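Data block below; observations after.
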Amino acid sequence: DGWTGQARASLSRLERASTSGLDTPDAYQVRAEAYAQIGRPASARKAYRGLLGVRPTDERARRALRQIDRTLRPTIEIGGDASVQSGDPTRNKVTSAVVPVRVRVHPAGGDAALTVSASMASFENARGTSQDRMVGLGVDAPLGNRWRVLGDATRHEFDRAQPTVTGRGEVLFAPHDRVELRLGGAREQLFSSRMSLAGEDRDGVFYGPSFSSEILAGATLHPTRRWDIWTRTMLGRTRGDHLADNTHHKVFAGAGRALSVGASTVRVGYALAWMAYRLDLGGFPPADLAGNGVSSRGVGGYFSPFAFWNHAARVDATVPLGDVATLVGGAGLGRQSVRDALTQGTDARPSSDAYLGVRVLAGPRVSLSGQVDHQNVASAFDRTT
């Protein structure tokens, strides 16, 4: 009776149990399900194998083991990503295309995962096209049952801008099965315009690209097994060549409840986003070269309002289609408002987002996946859609 409905508590209880009780079918099943729940697939596989050793006719365990074996196999992902952001064709409108290749392995068949990636990105507006060649390395490593380390680093080689490195690192700690805390830092590109992504030459001066360095903290609370409440806060600084330094504060939060509808899972929730920058650097040269970022926009080429908030109700769903395909989708509808050097943000406008994706198991070792997304950010950065 070691299963308490809380994975880490159940594992701790089994560790304190007598040795004679650790090799029973129930004990193996508890360990297998608990390890799978907290993201330790190799440990879960060992427990499922033990369960099948004492209960070889357990088809549910056999199916779970096959799924975990697929997770632990080395995988190669080859794909493409394309997006179009609306706006002024010579300023903030940008068309992006990325061709990534990723290899993911579990060294020595363990719980930790290592990812190596390479990709080529193209960013285009009416003034031309810029490229960004990237190679990266990522790690996802559980340290026992309560700690986890996540991190990645990517080196960028631009057409004209200097090579640089972006990345993210986080430490997660679960003091209780219902509470998870996180602390970390990141340095990332700003996906607002071609100038912010790869830089642009205007009248002999090269502006950008822009990178945001942040420290972040967050927490997730599960009052019950189906409810979740979460929050993230970030403090950071943004820099770019021939651009003023900027600072910002961001807060994201939400709550939701997961529902089971047959074999499908539906999550109904609410999400809130707020951000504030010290300077509005949403301008572009030469028109905004005289801007100071306070009473008028300064040059930066990225969305940096004095205040922005968005809140939305949303629904997300995962729908299995037999044993070979899974459909995922979701949508949010809410209100948003922005206050920057051009507006006081007195009017709240509608906001919305939606996505739809599918993953198909095309063979024992091959799967195909695709997803389309749409975001209505009409209030953000002078965009039309």
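Chain lettering (A, B, ...) mirrors the order of the structure tokens, residue numbering begins at 1 for each chain separately, and ligand numbering begins at 1 in order of display.
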Excluding Asp353 of chain A and its own-chain neighbours fewer than 6 positions away, which residues fall within 7 Å of it when counting only C-alpha atoms? Please give them as a PyMOL selection string. chain A and resi 331-333+374-376
Where does DSSP see strand (DSSP E or B) in segment 47-293 of chain A, if you list the residues as an MDAnalysis selection string? chainID A and resid 75:78 81:85 94:105 113:125 128:143 147:158 164:176 179:189 200:202 205:207 210:221 227:240 246:261 264:277 283
Can you list, as a VMD selection string, every protein, DNA or RNA residue that comes within 8 Å of segment 172-182 of chain A when you count only C-alpha atoms, leaving out same-chain residues fewer than 6 positions away? chain A and resid 6 to 9 146 to 149 217 to 224
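Using only C-alpha atoms, the nearest neighbour of Ser83 of chain A within the list A:Thr115, A:Arg339, A:Ala121, A:Leu51 is A:Ala121.
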DSSP-assigned helix (DSSP H, G or I) among segment 112-227 of chain A, expressed as a ChimeraX atom specification: /A:194-198
Could you write out that same residue set with N, CA and C atoms as a PDB file, in the first residue's frame?
```pdb
ATOM      1  N   ARG A 194      13.596  42.227 -37.470  1.00  0.00           N
ATOM      2  CA  ARG A 194      14.875  41.752 -38.009  1.00  0.00           C
ATOM      3  C   ARG A 194      16.037  42.452 -37.318  1.00  0.00           C
ATOM      4  N   MET A 195      15.831  43.723 -36.920  1.00  0.00           N
ATOM      5  CA  MET A 195      16.882  44.442 -36.217  1.00  0.00           C
ATOM      6  C   MET A 195      17.189  43.792 -34.883  1.00  0.00           C
ATOM      7  N   SER A 196      16.154  43.425 -34.117  1.00  0.00           N
ATOM      8  CA  SER A 196      16.394  42.838 -32.799  1.00  0.00           C
ATOM      9  C   SER A 196      16.950  41.421 -32.915  1.00  0.00           C
ATOM     10  N   LEU A 197      16.604  40.705 -33.991  1.00  0.00           N
ATOM     11  CA  LEU A 197      17.037  39.324 -34.145  1.00  0.00           C
ATOM     12  C   LEU A 197      18.454  39.188 -34.698  1.00  0.00           C
ATOM     13  N   ALA A 198      18.788  39.981 -35.698  1.00  0.00           N
ATOM     14  CA  ALA A 198      20.085  39.804 -36.360  1.00  0.00           C
ATOM     15  C   ALA A 198      20.805  41.112 -36.660  1.00  0.00           C
TER      16      ALA A 198
END
```
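Computed from the coordinates, the atom CA of Leu321 of chain A to atom CA of Glu59 of chain A distance equals 19.7 Å.
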I'd like the neighbourhood of Ser264 of chain A as a ChimeraX atom specification, where a residue qualifies if any of its atoms comes within 7 Å (using only C-alpha atoms), though same-chain residues fewer than 5 positions away should be ignored. /A:318-320
Identify, on the basis of only C-alpha atoms, every residue whose closest approach to Pro74 of chain A does not exceed 10 Å; exclude the query and any residue fewer than 3 positions from it along the same chain; express the result as a ChimeraX atom specification. /A:70-71,103-107,109,113-115,365
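Going from atom CA of Pro41 of chain A over to atom CA of Arg60 of chain A, you cover 16.3 Å.
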Hey, what's within 6 Å of Arg257 of chain A if we count only C-alpha atoms and toss same-chain stuff fewer than 6 positions away? As JSON, numbers by chain, please? {"A": [226, 227, 267, 268]}
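The space separating atom CA of Gln371 of chain A from atom CA of Gln85 of chain A comes to 16.9 Å.
Comparing the minimum interatomic distances between Leu235 of chain A and each of A:Leu342, A:Ala186, A:Ala263, A:Asp23, counting only C-alpha atoms, we find that A:Ala186 sits nearest.
In this comparison, which uses only C-alpha atoms, the residue of A:Ala317, A:Ala273, A:Ala287, A:Val338 approaching Ser260 of chain A most closely is A:Ala317.
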